[in-house]
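What follows is a short report on a single structure.
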Amino acid sequence: MINSKHENQNPVQTGFQSANYPGISGKTVVITGSANGIGLAMANSFARQGARLLLVDINDKGLAEAKQELEKTHEGIDVEIRSASVIDDAAIESVFAYCEERFGSVDILLNNAGISINKPSLELTPDEWRHGINVNLNSVFVCAQAAALRMVKQGSGVIINTSSMYGIVAAPHRTAYCAAKAGIVALTKSLAVEWGSYGIRMNAIGPGYTRTPLVDELGKTGRLDLEKLSNRTPLGRLGEPQEMAELALFLASDSAAFVTGHILVADGGWTANGYM
């Protein structure tokens, strides 16, 4: 049953307000999956704070458009782009080597790249399972390790992994996705404990359903019912990419200097709501 308490009400306003955080200006930030959606919103949020950016994605056209948008919106922004697959280990090592050479440091990694997997588990092929785990989980470790090897030399660094509310709760037809996102939660905590002594903080964000281009497209094709998803959410709407970016901004900032091993979920109350 769908909770319909939000039906017939006026559209819900987000009330979103961006904030300024200390310790971001001048830092070098690597963002994977940054050609659009939450990754691009992260790029805009960190650019607003004066960070230097290296955007990584497999979408060449999207990367070029993102760079153009950022340079137009944020005067004087220092932004580079690199086309690379997060499941190509050699390409990822090249990305971080370039970042270190170009900017002199790797201060913040936003491990955001991922794919959607929505298929009944009895129909999921072994190759589809492995691909989902590779993109959504294995790449997170590979990128984190490449960044951490540079951060250890610096004696400091921040890594923010994008998990999901489905790393905390489960849903049908998303077995590989849920498993990977739950793996990110455990990985985040484990590496936070192991790498804390090197001055590296490791946290994760757990977005709920968010209005990205992918989600909008799934809504248009009927694969997601966005109205039902909004009604199922206690706040009565989907999240916005900027709201998720703000979580990463806070966790990467000096305002969160004593926060590590934490999973910050922003789902409008979805995981708290047991009434279907």
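Residue numbering restarts at 1 in every chain; chains get A, B, ... in the order shown in the structure tokens, and ligands count up from 1 in that same order.
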
Contacts between segment 240-256 of chain A and segment 93-201 of chain A, please, where a residue of segment 93-201 of chain A counts if it comes within 8 Å (with only C-alpha atoms); show its shortest atom pair and distance in Å to one decimal, rows by chain and ascending number, as a Markdown table.
```
| residue | atom | partner | partner_atom | distance |
| --- | --- | --- | --- | --- |
| A:Ile108 | CA | A:Ala252 | CA | 7.1 |
| A:Leu110 | CA | A:Ala248 | CA | 7.7 |
| A:Val158 | CA | A:Ala252 | CA | 6.0 |
| A:Ile159 | CA | A:Ala252 | CA | 7.5 |
| A:Ile160 | CA | A:Ala248 | CA | 6.5 |
```

Quick one: residues within 8 Å of segment 262-271 of chain A, only C-alpha atoms counted, chain neighbours fewer than 4 positions away excluded, as a JSON list (two decimals) with N, CA, C and O atoms, in the first residue's frame?
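Okay, out08.json is ready:
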```json
[["chain", "number", "residue", "atom", "x", "y", "z"],
["A", 164, "SER", "N", 24.14, 4.56, -0.52],
["A", 164, "SER", "CA", 22.73, 4.75, -0.83],
["A", 164, "SER", "C", 21.92, 4.38, 0.40],
["A", 164, "SER", "O", 22.41, 3.68, 1.29],
["A", 165, "MET", "N", 20.68, 4.84, 0.43],
["A", 165, "MET", "CA", 19.79, 4.33, 1.49],
["A", 165, "MET", "C", 19.64, 2.82, 1.34],
["A", 165, "MET", "O", 19.37, 2.10, 2.30],
["A", 168, "ILE", "N", 21.54, 0.55, 3.50],
["A", 168, "ILE", "CA", 21.04, 0.40, 4.87],
["A", 168, "ILE", "C", 19.82, -0.51, 4.92],
["A", 168, "ILE", "O", 19.67, -1.33, 5.82],
["A", 169, "VAL", "N", 18.93, -0.36, 3.93],
["A", 169, "VAL", "CA", 17.75, -1.21, 3.81],
["A", 169, "VAL", "C", 17.77, -1.85, 2.42],
["A", 169, "VAL", "O", 18.57, -1.46, 1.56],
["A", 185, "VAL", "N", 29.26, 0.69, 2.81],
["A", 185, "VAL", "CA", 29.10, 1.07, 4.21],
["A", 185, "VAL", "C", 30.17, 0.38, 5.07],
["A", 185, "VAL", "O", 30.87, 1.03, 5.87],
["A", 188, "THR", "N", 33.70, 1.68, 4.15],
["A", 188, "THR", "CA", 33.92, 3.01, 4.72],
["A", 188, "THR", "C", 34.34, 2.93, 6.18],
["A", 188, "THR", "O", 35.31, 3.57, 6.61],
["A", 189, "LYS", "N", 33.63, 2.13, 6.94],
["A", 189, "LYS", "CA", 33.95, 2.00, 8.37],
["A", 189, "LYS", "C", 35.31, 1.34, 8.58],
["A", 189, "LYS", "O", 36.11, 1.77, 9.42],
["A", 202, "MET", "N", 37.40, 9.08, 6.50],
["A", 202, "MET", "CA", 36.61, 8.35, 5.51],
["A", 202, "MET", "C", 35.16, 8.29, 5.97],
["A", 202, "MET", "O", 34.86, 7.79, 7.04],
["A", 203, "ASN", "N", 34.26, 8.86, 5.16],
["A", 203, "ASN", "CA", 32.83, 8.83, 5.46],
["A", 203, "ASN", "C", 32.05, 8.49, 4.20],
["A", 203, "ASN", "O", 32.62, 8.40, 3.11],
["A", 204, "ALA", "N", 30.75, 8.32, 4.34],
["A", 204, "ALA", "CA", 29.90, 8.02, 3.19],
["A", 204, "ALA", "C", 28.58, 8.76, 3.31],
["A", 204, "ALA", "O", 28.12, 9.08, 4.41],
["A", 205, "ILE", "N", 27.98, 9.04, 2.16],
["A", 205, "ILE", "CA", 26.63, 9.58, 2.15],
["A", 205, "ILE", "C", 25.71, 8.51, 1.58],
["A", 205, "ILE", "O", 26.12, 7.67, 0.77],
["A", 206, "GLY", "N", 24.46, 8.54, 2.01],
["A", 206, "GLY", "CA", 23.48, 7.56, 1.57],
["A", 206, "GLY", "C", 22.25, 8.25, 0.99],
["A", 206, "GLY", "O", 21.26, 8.42, 1.71],
["A", 207, "PRO", "N", 22.31, 8.66, -0.27],
["A", 207, "PRO", "CA", 21.15, 9.35, -0.85],
["A", 207, "PRO", "C", 19.93, 8.44, -0.97],
["A", 207, "PRO", "O", 20.05, 7.23, -1.22],
["A", 208, "GLY", "N", 18.76, 9.03, -0.79],
["A", 208, "GLY", "CA", 17.53, 8.37, -1.16],
["A", 208, "GLY", "C", 17.24, 8.68, -2.62],
["A", 208, "GLY", "O", 18.13, 9.09, -3.37],
["A", 209, "TYR", "N", 16.00, 8.46, -3.04],
["A", 209, "TYR", "CA", 15.65, 8.77, -4.43],
["A", 209, "TYR", "C", 15.86, 10.27, -4.68],
["A", 209, "TYR", "O", 15.32, 11.12, -3.97],
["A", 232, "ARG", "N", 5.56, 7.81, -0.87],
["A", 232, "ARG", "CA", 6.12, 6.86, 0.10],
["A", 232, "ARG", "C", 7.13, 7.55, 1.03],
["A", 232, "ARG", "O", 7.43, 7.07, 2.12],
["A", 233, "THR", "N", 7.64, 8.71, 0.62],
["A", 233, "THR", "CA", 8.65, 9.44, 1.39],
["A", 233, "THR", "C", 7.97, 10.40, 2.37],
["A", 233, "THR", "O", 7.14, 11.21, 1.96],
["A", 234, "PRO", "N", 8.27, 10.32, 3.67],
["A", 234, "PRO", "CA", 7.61, 11.19, 4.64],
["A", 234, "PRO", "C", 7.66, 12.68, 4.31],
["A", 234, "PRO", "O", 6.69, 13.40, 4.57],
["A", 235, "LEU", "N", 8.74, 13.17, 3.73],
["A", 235, "LEU", "CA", 8.81, 14.58, 3.36],
["A", 235, "LEU", "C", 8.07, 14.89, 2.07],
["A", 235, "LEU", "O", 7.99, 16.06, 1.66],
["A", 236, "GLY", "N", 7.53, 13.87, 1.42],
["A", 236, "GLY", "CA", 6.63, 14.09, 0.30],
["A", 236, "GLY", "C", 7.26, 14.48, -1.01],
["A", 236, "GLY", "O", 6.59, 15.00, -1.90],
["A", 237, "ARG", "N", 8.55, 14.23, -1.18],
["A", 237, "ARG", "CA", 9.22, 14.59, -2.44],
["A", 237, "ARG", "C", 10.50, 13.78, -2.57],
["A", 237, "ARG", "O", 10.93, 13.11, -1.63],
["A", 238, "LEU", "N", 11.11, 13.86, -3.75],
["A", 238, "LEU", "CA", 12.43, 13.29, -3.96],
["A", 238, "LEU", "C", 13.49, 14.30, -3.53],
["A", 238, "LEU", "O", 13.21, 15.49, -3.39],
["A", 239, "GLY", "N", 14.69, 13.81, -3.33],
["A", 239, "GLY", "CA", 15.79, 14.70, -2.99],
["A", 239, "GLY", "C", 16.29, 15.43, -4.23],
["A", 239, "GLY", "O", 15.98, 15.06, -5.37],
["A", 244, "MET", "N", 22.35, 16.47, -1.77],
["A", 244, "MET", "CA", 23.32, 15.41, -1.54],
["A", 244, "MET", "C", 24.75, 15.96, -1.58],
["A", 244, "MET", "O", 25.61, 15.56, -0.79],
["A", 247, "LEU", "N", 25.90, 17.43, 1.70],
["A", 247, "LEU", "CA", 26.35, 16.47, 2.71],
["A", 247, "LEU", "C", 27.84, 16.18, 2.55],
["A", 247, "LEU", "O", 28.59, 16.14, 3.52]]
```

Report as a PyMOL selection string all protein, DNA and RNA residues lying within 12 Å of Phe46 of chain A, evaluated on only C-alpha atoms, omitting residues in the same chain fewer than 2 positions from it. chain A and resi 18-31+39-44+48-55+70+74+77-79+108-110+242+245-253

Written file, previous selection with C-alpha atoms, as a PDB file, in the first residue's frame:
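The file below, again.pdb, is the result:
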```pdb
ATOM      1  CA  SER A  18      23.709  26.242   0.787  1.00  0.00           C
ATOM      2  CA  ALA A  19      26.307  26.982   3.449  1.00  0.00           C
ATOM      3  CA  ASN A  20      29.931  28.000   3.622  1.00  0.00           C
ATOM      4  CA  TYR A  21      32.375  25.598   5.239  1.00  0.00           C
ATOM      5  CA  PRO A  22      35.968  26.074   6.397  1.00  0.00           C
ATOM      6  CA  GLY A  23      38.935  24.196   5.012  1.00  0.00           C
ATOM      7  CA  ILE A  24      37.736  23.645   1.432  1.00  0.00           C
ATOM      8  CA  SER A  25      39.186  26.648  -0.401  1.00  0.00           C
ATOM      9  CA  GLY A  26      42.362  25.776  -2.296  1.00  0.00           C
ATOM     10  CA  LYS A  27      41.977  22.036  -1.738  1.00  0.00           C
ATOM     11  CA  THR A  28      42.271  19.607  -4.652  1.00  0.00           C
ATOM     12  CA  VAL A  29      39.129  17.520  -5.117  1.00  0.00           C
ATOM     13  CA  VAL A  30      38.804  14.459  -7.355  1.00  0.00           C
ATOM     14  CA  ILE A  31      35.197  13.576  -8.230  1.00  0.00           C
ATOM     15  CA  GLY A  39      28.576  14.273  -9.125  1.00  0.00           C
ATOM     16  CA  LEU A  40      28.109  17.496 -11.081  1.00  0.00           C
ATOM     17  CA  ALA A  41      26.223  19.023  -8.156  1.00  0.00           C
ATOM     18  CA  MET A  42      29.204  18.121  -5.954  1.00  0.00           C
ATOM     19  CA  ALA A  43      31.518  19.838  -8.433  1.00  0.00           C
ATOM     20  CA  ASN A  44      29.430  23.015  -8.275  1.00  0.00           C
ATOM     21  CA  ARG A  48      31.604  27.550  -4.864  1.00  0.00           C
ATOM     22  CA  GLN A  49      33.927  27.017  -1.898  1.00  0.00           C
ATOM     23  CA  GLY A  50      37.034  27.724  -3.970  1.00  0.00           C
ATOM     24  CA  ALA A  51      38.297  24.166  -4.443  1.00  0.00           C
ATOM     25  CA  ARG A  52      40.383  22.985  -7.381  1.00  0.00           C
ATOM     26  CA  LEU A  53      38.663  20.184  -9.273  1.00  0.00           C
ATOM     27  CA  LEU A  54      39.566  17.095 -11.265  1.00  0.00           C
ATOM     28  CA  LEU A  55      36.419  15.588 -12.798  1.00  0.00           C
ATOM     29  CA  LEU A  70      31.680  25.294 -14.056  1.00  0.00           C
ATOM     30  CA  HIS A  74      32.477  30.077 -11.023  1.00  0.00           C
ATOM     31  CA  ILE A  77      37.771  28.128 -11.088  1.00  0.00           C
ATOM     32  CA  ASP A  78      40.661  25.711 -11.691  1.00  0.00           C
ATOM     33  CA  VAL A  79      39.077  22.573 -13.176  1.00  0.00           C
ATOM     34  CA  ILE A 108      39.654  15.141  -1.155  1.00  0.00           C
ATOM     35  CA  LEU A 109      38.182  12.213  -3.093  1.00  0.00           C
ATOM     36  CA  LEU A 110      34.466  12.047  -3.806  1.00  0.00           C
ATOM     37  CA  GLN A 242      22.402  19.873  -4.493  1.00  0.00           C
ATOM     38  CA  ALA A 245      26.310  17.515  -2.582  1.00  0.00           C
ATOM     39  CA  GLU A 246      25.918  19.596   0.570  1.00  0.00           C
ATOM     40  CA  LEU A 247      26.346  16.467   2.706  1.00  0.00           C
ATOM     41  CA  ALA A 248      29.660  15.704   1.029  1.00  0.00           C
ATOM     42  CA  LEU A 249      30.723  19.320   1.429  1.00  0.00           C
ATOM     43  CA  PHE A 250      30.073  19.239   5.167  1.00  0.00           C
ATOM     44  CA  LEU A 251      31.809  15.880   5.673  1.00  0.00           C
ATOM     45  CA  ALA A 252      34.858  17.058   3.707  1.00  0.00           C
ATOM     46  CA  SER A 253      35.127  20.321   5.613  1.00  0.00           C
TER      47      SER A 253
END
```

Enumerate as a PDB file with N, CA, C and O atoms, in the first residue's frame all residues of segment 21-248 of chain A assigned to strand (DSSP E or B) by DSSP on the backbone, naming them with the chain letters and numbers the document uses.
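Wrote it out as selection-v1.pdb, contents follow:
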```pdb
ATOM      1  N   THR A  28      42.435  20.335  -3.399  1.00  0.00           N
ATOM      2  CA  THR A  28      42.271  19.607  -4.652  1.00  0.00           C
ATOM      3  C   THR A  28      41.274  18.477  -4.451  1.00  0.00           C
ATOM      4  O   THR A  28      41.453  17.632  -3.564  1.00  0.00           O
ATOM      5  N   VAL A  29      40.233  18.466  -5.269  1.00  0.00           N
ATOM      6  CA  VAL A  29      39.129  17.520  -5.117  1.00  0.00           C
ATOM      7  C   VAL A  29      38.983  16.688  -6.384  1.00  0.00           C
ATOM      8  O   VAL A  29      38.795  17.233  -7.477  1.00  0.00           O
ATOM      9  N   VAL A  30      39.057  15.376  -6.251  1.00  0.00           N
ATOM     10  CA  VAL A  30      38.804  14.459  -7.355  1.00  0.00           C
ATOM     11  C   VAL A  30      37.381  13.931  -7.203  1.00  0.00           C
ATOM     12  O   VAL A  30      37.004  13.458  -6.123  1.00  0.00           O
ATOM     13  N   ILE A  31      36.589  14.021  -8.279  1.00  0.00           N
ATOM     14  CA  ILE A  31      35.197  13.576  -8.230  1.00  0.00           C
ATOM     15  C   ILE A  31      34.953  12.586  -9.355  1.00  0.00           C
ATOM     16  O   ILE A  31      35.054  12.936 -10.536  1.00  0.00           O
ATOM     17  N   THR A  32      34.628  11.342  -9.017  1.00  0.00           N
ATOM     18  CA  THR A  32      34.293  10.357 -10.045  1.00  0.00           C
ATOM     19  C   THR A  32      32.788  10.418 -10.323  1.00  0.00           C
ATOM     20  O   THR A  32      31.997  10.796  -9.467  1.00  0.00           O
ATOM     21  N   ARG A  52      39.876  23.328  -6.053  1.00  0.00           N
ATOM     22  CA  ARG A  52      40.383  22.985  -7.381  1.00  0.00           C
ATOM     23  C   ARG A  52      39.874  21.593  -7.724  1.00  0.00           C
ATOM     24  O   ARG A  52      39.922  20.686  -6.875  1.00  0.00           O
ATOM     25  N   LEU A  53      39.405  21.397  -8.941  1.00  0.00           N
ATOM     26  CA  LEU A  53      38.663  20.184  -9.273  1.00  0.00           C
ATOM     27  C   LEU A  53      39.316  19.360 -10.371  1.00  0.00           C
ATOM     28  O   LEU A  53      39.827  19.896 -11.352  1.00  0.00           O
ATOM     29  N   LEU A  54      39.256  18.035 -10.200  1.00  0.00           N
ATOM     30  CA  LEU A  54      39.566  17.095 -11.265  1.00  0.00           C
ATOM     31  C   LEU A  54      38.348  16.193 -11.421  1.00  0.00           C
ATOM     32  O   LEU A  54      38.034  15.394 -10.529  1.00  0.00           O
ATOM     33  N   LEU A  55      37.639  16.351 -12.537  1.00  0.00           N
ATOM     34  CA  LEU A  55      36.419  15.588 -12.798  1.00  0.00           C
ATOM     35  C   LEU A  55      36.749  14.337 -13.606  1.00  0.00           C
ATOM     36  O   LEU A  55      37.477  14.408 -14.605  1.00  0.00           O
ATOM     37  N   VAL A  56      36.197  13.203 -13.189  1.00  0.00           N
ATOM     38  CA  VAL A  56      36.466  11.923 -13.835  1.00  0.00           C
ATOM     39  C   VAL A  56      35.152  11.261 -14.208  1.00  0.00           C
ATOM     40  O   VAL A  56      34.232  11.169 -13.391  1.00  0.00           O
ATOM     41  N   ASP A  57      35.064  10.790 -15.468  1.00  0.00           N
ATOM     42  CA  ASP A  57      33.849  10.133 -15.929  1.00  0.00           C
ATOM     43  C   ASP A  57      34.175   9.400 -17.226  1.00  0.00           C
ATOM     44  O   ASP A  57      35.220   9.644 -17.838  1.00  0.00           O
ATOM     45  N   VAL A  79      39.721  23.874 -12.999  1.00  0.00           N
ATOM     46  CA  VAL A  79      39.077  22.573 -13.176  1.00  0.00           C
ATOM     47  C   VAL A  79      39.701  21.826 -14.347  1.00  0.00           C
ATOM     48  O   VAL A  79      39.914  22.391 -15.421  1.00  0.00           O
ATOM     49  N   GLU A  80      40.019  20.570 -14.107  1.00  0.00           N
ATOM     50  CA  GLU A  80      40.530  19.682 -15.147  1.00  0.00           C
ATOM     51  C   GLU A  80      39.572  18.504 -15.306  1.00  0.00           C
ATOM     52  O   GLU A  80      38.821  18.175 -14.372  1.00  0.00           O
ATOM     53  N   ILE A  81      39.588  17.884 -16.469  1.00  0.00           N
ATOM     54  CA  ILE A  81      38.737  16.719 -16.705  1.00  0.00           C
ATOM     55  C   ILE A  81      39.588  15.567 -17.214  1.00  0.00           C
ATOM     56  O   ILE A  81      40.582  15.765 -17.903  1.00  0.00           O
ATOM     57  N   ARG A  82      39.185  14.350 -16.862  1.00  0.00           N
ATOM     58  CA  ARG A  82      39.858  13.147 -17.323  1.00  0.00           C
ATOM     59  C   ARG A  82      38.817  12.073 -17.616  1.00  0.00           C
ATOM     60  O   ARG A  82      37.994  11.731 -16.761  1.00  0.00           O
ATOM     61  N   SER A  83      38.857  11.540 -18.822  1.00  0.00           N
ATOM     62  CA  SER A  83      37.961  10.450 -19.195  1.00  0.00           C
ATOM     63  C   SER A  83      38.597   9.132 -18.766  1.00  0.00           C
ATOM     64  O   SER A  83      39.714   8.804 -19.186  1.00  0.00           O
ATOM     65  N   ILE A 108      41.007  15.667  -1.373  1.00  0.00           N
ATOM     66  CA  ILE A 108      39.654  15.141  -1.155  1.00  0.00           C
ATOM     67  C   ILE A 108      39.274  14.263  -2.338  1.00  0.00           C
ATOM     68  O   ILE A 108      39.454  14.659  -3.496  1.00  0.00           O
ATOM     69  N   LEU A 109      38.744  13.086  -2.056  1.00  0.00           N
ATOM     70  CA  LEU A 109      38.182  12.213  -3.093  1.00  0.00           C
ATOM     71  C   LEU A 109      36.697  12.035  -2.832  1.00  0.00           C
ATOM     72  O   LEU A 109      36.297  11.664  -1.725  1.00  0.00           O
ATOM     73  N   LEU A 110      35.900  12.329  -3.856  1.00  0.00           N
ATOM     74  CA  LEU A 110      34.466  12.047  -3.806  1.00  0.00           C
ATOM     75  C   LEU A 110      34.226  10.851  -4.717  1.00  0.00           C
ATOM     76  O   LEU A 110      34.183  10.957  -5.940  1.00  0.00           O
ATOM     77  N   ASN A 111      34.099   9.688  -4.093  1.00  0.00           N
ATOM     78  CA  ASN A 111      33.953   8.408  -4.780  1.00  0.00           C
ATOM     79  C   ASN A 111      32.483   8.238  -5.157  1.00  0.00           C
ATOM     80  O   ASN A 111      31.717   7.581  -4.455  1.00  0.00           O
ATOM     81  N   GLY A 157      43.911  13.877   4.524  1.00  0.00           N
ATOM     82  CA  GLY A 157      43.057  13.669   3.364  1.00  0.00           C
ATOM     83  C   GLY A 157      41.662  13.279   3.793  1.00  0.00           C
ATOM     84  O   GLY A 157      41.437  12.851   4.941  1.00  0.00           O
ATOM     85  N   VAL A 158      40.716  13.448   2.876  1.00  0.00           N
ATOM     86  CA  VAL A 158      39.320  13.106   3.142  1.00  0.00           C
ATOM     87  C   VAL A 158      38.780  12.317   1.957  1.00  0.00           C
ATOM     88  O   VAL A 158      38.995  12.694   0.797  1.00  0.00           O
ATOM     89  N   ILE A 159      38.089  11.233   2.262  1.00  0.00           N
ATOM     90  CA  ILE A 159      37.431  10.436   1.223  1.00  0.00           C
ATOM     91  C   ILE A 159      35.961  10.304   1.585  1.00  0.00           C
ATOM     92  O   ILE A 159      35.622   9.913   2.706  1.00  0.00           O
ATOM     93  N   ILE A 160      35.101  10.663   0.635  1.00  0.00           N
ATOM     94  CA  ILE A 160      33.653  10.541   0.812  1.00  0.00           C
ATOM     95  C   ILE A 160      33.130   9.565  -0.233  1.00  0.00           C
ATOM     96  O   ILE A 160      33.284   9.801  -1.443  1.00  0.00           O
ATOM     97  N   ASN A 161      32.539   8.477   0.202  1.00  0.00           N
ATOM     98  CA  ASN A 161      31.980   7.477  -0.699  1.00  0.00           C
ATOM     99  C   ASN A 161      30.476   7.666  -0.847  1.00  0.00           C
ATOM    100  O   ASN A 161      29.780   7.905   0.144  1.00  0.00           O
ATOM    101  N   THR A 162      29.975   7.534  -2.066  1.00  0.00           N
ATOM    102  CA  THR A 162      28.531   7.592  -2.268  1.00  0.00           C
ATOM    103  C   THR A 162      27.953   6.188  -2.178  1.00  0.00           C
ATOM    104  O   THR A 162      28.131   5.373  -3.080  1.00  0.00           O
ATOM    105  N   ILE A 200      43.735  10.442   7.648  1.00  0.00           N
ATOM    106  CA  ILE A 200      42.725  10.331   6.593  1.00  0.00           C
ATOM    107  C   ILE A 200      41.358  10.063   7.220  1.00  0.00           C
ATOM    108  O   ILE A 200      41.200   9.124   8.002  1.00  0.00           O
ATOM    109  N   ARG A 201      40.401  10.915   6.874  1.00  0.00           N
ATOM    110  CA  ARG A 201      39.019  10.687   7.300  1.00  0.00           C
ATOM    111  C   ARG A 201      38.236  10.057   6.161  1.00  0.00           C
ATOM    112  O   ARG A 201      38.379  10.439   5.002  1.00  0.00           O
ATOM    113  N   MET A 202      37.397   9.084   6.500  1.00  0.00           N
ATOM    114  CA  MET A 202      36.607   8.347   5.506  1.00  0.00           C
ATOM    115  C   MET A 202      35.161   8.291   5.966  1.00  0.00           C
ATOM    116  O   MET A 202      34.857   7.787   7.043  1.00  0.00           O
ATOM    117  N   ASN A 203      34.258   8.863   5.161  1.00  0.00           N
ATOM    118  CA  ASN A 203      32.831   8.835   5.464  1.00  0.00           C
ATOM    119  C   ASN A 203      32.049   8.492   4.197  1.00  0.00           C
ATOM    120  O   ASN A 203      32.619   8.397   3.107  1.00  0.00           O
ATOM    121  N   ALA A 204      30.749   8.324   4.345  1.00  0.00           N
ATOM    122  CA  ALA A 204      29.897   8.019   3.194  1.00  0.00           C
ATOM    123  C   ALA A 204      28.579   8.764   3.310  1.00  0.00           C
ATOM    124  O   ALA A 204      28.121   9.080   4.415  1.00  0.00           O
ATOM    125  N   ILE A 205      27.984   9.040   2.164  1.00  0.00           N
ATOM    126  CA  ILE A 205      26.632   9.575   2.146  1.00  0.00           C
ATOM    127  C   ILE A 205      25.706   8.505   1.578  1.00  0.00           C
ATOM    128  O   ILE A 205      26.118   7.673   0.767  1.00  0.00           O
ATOM    129  N   GLY A 206      24.457   8.539   2.011  1.00  0.00           N
ATOM    130  CA  GLY A 206      23.476   7.556   1.568  1.00  0.00           C
ATOM    131  C   GLY A 206      22.253   8.252   0.995  1.00  0.00           C
ATOM    132  O   GLY A 206      21.256   8.421   1.706  1.00  0.00           O
ATOM    133  N   PRO A 207      22.306   8.660  -0.269  1.00  0.00           N
ATOM    134  CA  PRO A 207      21.148   9.348  -0.854  1.00  0.00           C
ATOM    135  C   PRO A 207      19.930   8.437  -0.972  1.00  0.00           C
ATOM    136  O   PRO A 207      20.051   7.231  -1.216  1.00  0.00           O
ATOM    137  N   THR A 210      16.664  10.564  -5.692  1.00  0.00           N
ATOM    138  CA  THR A 210      17.089  11.932  -5.971  1.00  0.00           C
ATOM    139  C   THR A 210      16.816  12.264  -7.431  1.00  0.00           C
ATOM    140  O   THR A 210      17.012  11.423  -8.312  1.00  0.00           O
ATOM    141  N   GLY A 239      14.693  13.813  -3.327  1.00  0.00           N
ATOM    142  CA  GLY A 239      15.789  14.700  -2.995  1.00  0.00           C
ATOM    143  C   GLY A 239      16.292  15.427  -4.229  1.00  0.00           C
ATOM    144  O   GLY A 239      15.977  15.056  -5.366  1.00  0.00           O
TER     145      GLY A 239
END
```

Members of segment 89-206 of chain A assigned helix (DSSP H, G or I) by DSSP, as a VMD selection string: chain A and resid 89 to 103 126 to 154 165 to 167 175 to 198

Just checking: using only C-alpha atoms, which residue out of A:Ser230, A:Ser163, A:Asn112, A:Thr14 ends up closest to Gly183 of chain A? A:Ser163
